[in-house]
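Here is the structure we will look at, set down as structure tokens.
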Amino acid sequence: MAMKAARCLLATFMAAMVLLSACVPFGGNREKDVLTWGIWSGYEEFLKLCQESCPDIGLEILSYTGSNRTGYSWAQMRGDDIPDIFITSQILDKELARERLVDLSGQPFMSQFPTAVLDQVAIDGGVYLLPVNYVMYGIYYNETLMEENGWEVPADFAQLEALCGKIREKGMIPGILGTQLTGNAFSAVFNLAKTDWLTTPEGLAWEKEFLAGTATAEGMWEGTMEYVQRYIEMGMFTTDPEDRGNPNLVLDYLGNRKAVFCTMVLPVNITELPDTGDKLGMMPYIGKDGSKNIYMYNPGSYIGISRRLLEPGNEKKLENAIRILSLLYSPKGQDCFISQETPCVMSALNSADVPEDSLIYDAHQAMREGKAFPMTYVGWENVLTDIGQAYKEWFRGENGMDGPGCITRMDELQQSHMDNSRLLYFCESKEDFTIEETGQLLGKALGSAEEADAAVIPVGGYWVQGMELKAGITSKLYEGRINREIANMICPAYDEGYAVATMTGAQVKELVQAGLDINGEGAVFPYVLVTRGGGELEEDTEYKVVFLIGSYTEEAAQTYQIQEIKGSVKEIWYTYLQEQQVVSPEGNPWE
């Protein structure tokens, strides 16, 4: 039962995408009227609703299965290459959003949003990206255990401190803190700072200046670190000796009544703990005097419309895109994202109805009252993990780290990032690549490293009969400098190694012509073939051919005796780009 529950909890509130066709039924001329949409997981029910409610609108679904969906969405934005309907998880560049997207502020469905929501996303008076829904975060606790002991949810720090003493007297841990992911440690500290100064005008100004390299953590964070130390001392930030993942902490510590509270960033998909049936609750992050107890939130995703649809000739596409957003921001559309498996998800609309016995009822009320704040992420991406690591060492009593040491480390990390930002780029793309050309470049990297004669790489930037390609290229390089982050988001996330086979030229051509039938049911993805020297393969000559693991069928593996090799394709890709220094679609010959 526990293993089953762990597997259930390991799944996030977003379900895997169901198998839908690459395009919903087309209306009109395909080339002119069909909308492209780089959709993400969690939209399966809404796509079904689109098919039912708007059968005349054609949608062509773009696929990305790399490791950084948000990063790639903004790479597309910078390359002026976004789909007609744009999706992302963060607003990373407000000015670029204003330049590339349609201002939605005059649309009728905008009246469905609370003013506070619109104020958060407004850019110079316009609205270009709208949250689809919100995932709410707070501190989880065993509600049943609290009720049995007559304990009430604390309203201020003094009450929390007193309650922690009672919990310890019962032989239990007051609170467990997840530290396997350093982002949890980062959020634990920053969320406490938000109960005090970090959400004030002074705090917002400091954050902007710190990220620009003109302010320091020293002189601003001392009070917060002292407050965090008190949480540590009273047992609220106890860490797991095995440093297990968040789902296991909820199931073990709260489910087995080892601890009462659990501080972590996790949208759970349960409201009752397995085996015991104890009810799960969520409380806010507690401020010192209780006047600013807060919940955190993060949009499930943001949606916008490409500004290209304002150009002459795209009137019908713009009309259809507005129809889709109107459906999305209707009560029926919002209901597609909320179920028993998504108890932390809340509609973004005024009409959001959250029952009083809901896990996030109090968080919903806090949202309406302006006592909920966005999770800190934007702008901190380059140092968040390392700052979180310093906090983790503090919580776990490692390497002599403490509050003052964390402040020093914050300044060191940000300054190092500012000093080395130019050195982080090790290659440059002279122009935009297509997905196929990017696949060929990856094939050159892999083939060169293995001293092969040819490389065969599948391409999956579009859905094929509802299937997504995991082991292949689904993104492309854009003109500009390349650092490790950009290289990583282009390379397939599936990095289990690569494979080689000895094949005749005729066999290679036959395989490439057939494509990759991913499930044996006609969902065929095309291959791109790249050869050393760029020449044609001789029919009867044998060649050493390299593949990505998972980019061929079991039948092909047996037929051609494909041998798998351990190793990181990403590291091969990084090394190749560093060696090339400059890449272009027509350059970088593989000799």
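So you can find residues: chains in the structure tokens are A, B, ... in the order shown, residues in each start at 1, and ligands are numbered from 1 in order.
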
Could you pull out all residues of stretch 406-489 of chain A with a DSSP call of alpha helix (DSSP H) and give them as number ranges by chain? A: 406-420, 435-450, 484-489

Show me, as JSON, numbers by chain, the residues that have an atom within 6 Å of A:Lys544 when counting only C-alpha atoms, minus same-chain residues fewer than 2 positions from it. {"A": [452, 453, 501, 502]}

Output file for the selection above: C-alpha atoms, as a PDB file, in the first residue's frame:
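Below is the file that was written, result.pdb:
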```
ATOM      1  CA  ALA A 452      31.305   6.171 -36.734  1.00  0.00           C
ATOM      2  CA  ASP A 453      30.463   6.488 -40.418  1.00  0.00           C
ATOM      3  CA  ALA A 501      25.398  -1.132 -35.226  1.00  0.00           C
ATOM      4  CA  THR A 502      27.153  -2.405 -38.318  1.00  0.00           C
TER       5      THR A 502
END
```

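Nearest residue to A:Tyr527 among A:Gly443, A:Pro201, A:Pro492, A:Pro114 is A:Gly443, counting only C-alpha atoms.
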
Apply DSSP to the backbone of this structure and, from stretch 75-126 of chain A, keep only the residues in strand (DSSP E); write these as an MDAnalysis selection string. chainID A and resid 85:88 122:123 126

Resulting file, chosen residues, N, CA and C atoms, as a compact mmCIF listing (two decimals), in the first residue's frame:
```txt
# COMPACT_ATOMS: atom_id res chain seq x y z
N ILE A 85 -0.28 29.86 -30.35
CA ILE A 85 -0.67 29.92 -28.95
C ILE A 85 0.55 29.55 -28.12
N PHE A 86 1.01 30.49 -27.32
CA PHE A 86 2.27 30.37 -26.59
C PHE A 86 2.00 29.94 -25.16
N ILE A 87 2.81 29.04 -24.65
CA ILE A 87 2.67 28.57 -23.28
C ILE A 87 4.02 28.58 -22.59
N THR A 88 4.03 28.98 -21.32
CA THR A 88 5.25 28.98 -20.52
C THR A 88 4.86 28.86 -19.05
N ALA A 122 0.12 42.53 -15.43
CA ALA A 122 0.08 43.69 -16.30
C ALA A 122 1.49 44.17 -16.65
N ILE A 123 1.66 44.56 -17.90
CA ILE A 123 2.94 45.08 -18.39
C ILE A 123 2.64 46.40 -19.11
N GLY A 126 -0.84 46.76 -20.35
CA GLY A 126 -1.36 45.68 -21.17
C GLY A 126 -1.22 44.34 -20.48
```

Using only C-alpha atoms, determine which residues lie at most 9 Å from A:Met296, disregarding the query and same-chain residues fewer than 6 positions distant; provide the list as an NGL selection string. :A and (135-138 or 191 or 284-285 or 363 or 367 or 371-375)

Applying 9 Å and only C-alpha atoms, which residues near A:Gly304 remain after dropping the ones on its own chain fewer than 6 positions away? List them as a ChimeraX atom specification. /A:84-88,97,101-104,128-130,325

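Proximity ranking of A:Ser67, A:Thr199, A:Thr559, A:Thr263 relative to A:Met236 places A:Thr263 first, based on only C-alpha atoms.
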
For stretch 207-223 of chain A, please output as a PyMOL selection string all residues within 12 Å (counting only C-alpha atoms; exclusion window: fewer than 3 positions along the same chain). chain A and resi 189-190+192-204+226-230+288+376-384+387+402-419+421

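For the choices A:Met489, A:Val132, A:Leu254, A:Ile167, the atom-to-atom distance to A:Pro331 is smallest for A:Val132 when using only C-alpha atoms.
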
Would you kindly return, as a list in words, each protein, DNA or RNA residue with an atom no farther than 8 Å from any atom of A:Pro83, considering only C-alpha atoms and excluding same-chain residues fewer than 5 positions away? Leu35, Thr36, Trp37, Gly38, Leu62 and Ser306 of chain A

Might you pull out every residue within 10 Å of A:Gly281, with only C-alpha atoms counted and same-chain residues fewer than 4 positions away left off, and present them as a list in words?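 My list of contacting residues is Gly138, Ile139, Tyr140, Tyr141, Asn142, Glu143, Thr144, Met146, Val153, Phe261, Thr271, Glu272, Asp357, Ser358, Leu359 and Ile360 of chain A.
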
d(atom CA of A:Ile435, atom CA of A:Val459) in Å: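 Value for the atom CA of A:Ile435-atom CA of A:Val459 distance: 7.1 Å.
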
Between atom CA of A:Gly165 and atom CA of A:Phe237, what is the distance, to one decimal in Å?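 Separation of atom CA of A:Gly165 and atom CA of A:Phe237: 13.9 Å.
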
Of the listed residues A:Ile173, A:Leu516, A:Ile303, A:Ile270, that which approaches A:Ile324 most closely, counting only C-alpha atoms: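 Counting only C-alpha atoms, the residue closest to A:Ile324 is A:Ile303.
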
Pick out the closest residue to A:Pro174 from this set: A:Ala390, A:Leu160, A:Val260, A:Met467. Count only C-alpha atoms.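 Among the listed residues, the smallest separation from A:Pro174 belongs to A:Val260.
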
Atom pair atom CA of A:Glu510 / atom CA of A:Ser448: separation (Å): 22.9 Å

Residue with smallest distance to A:Ala556 - pool A:Met234, A:Met401, A:Val34, A:Ile518, counting only C-alpha atoms: A:Ile518
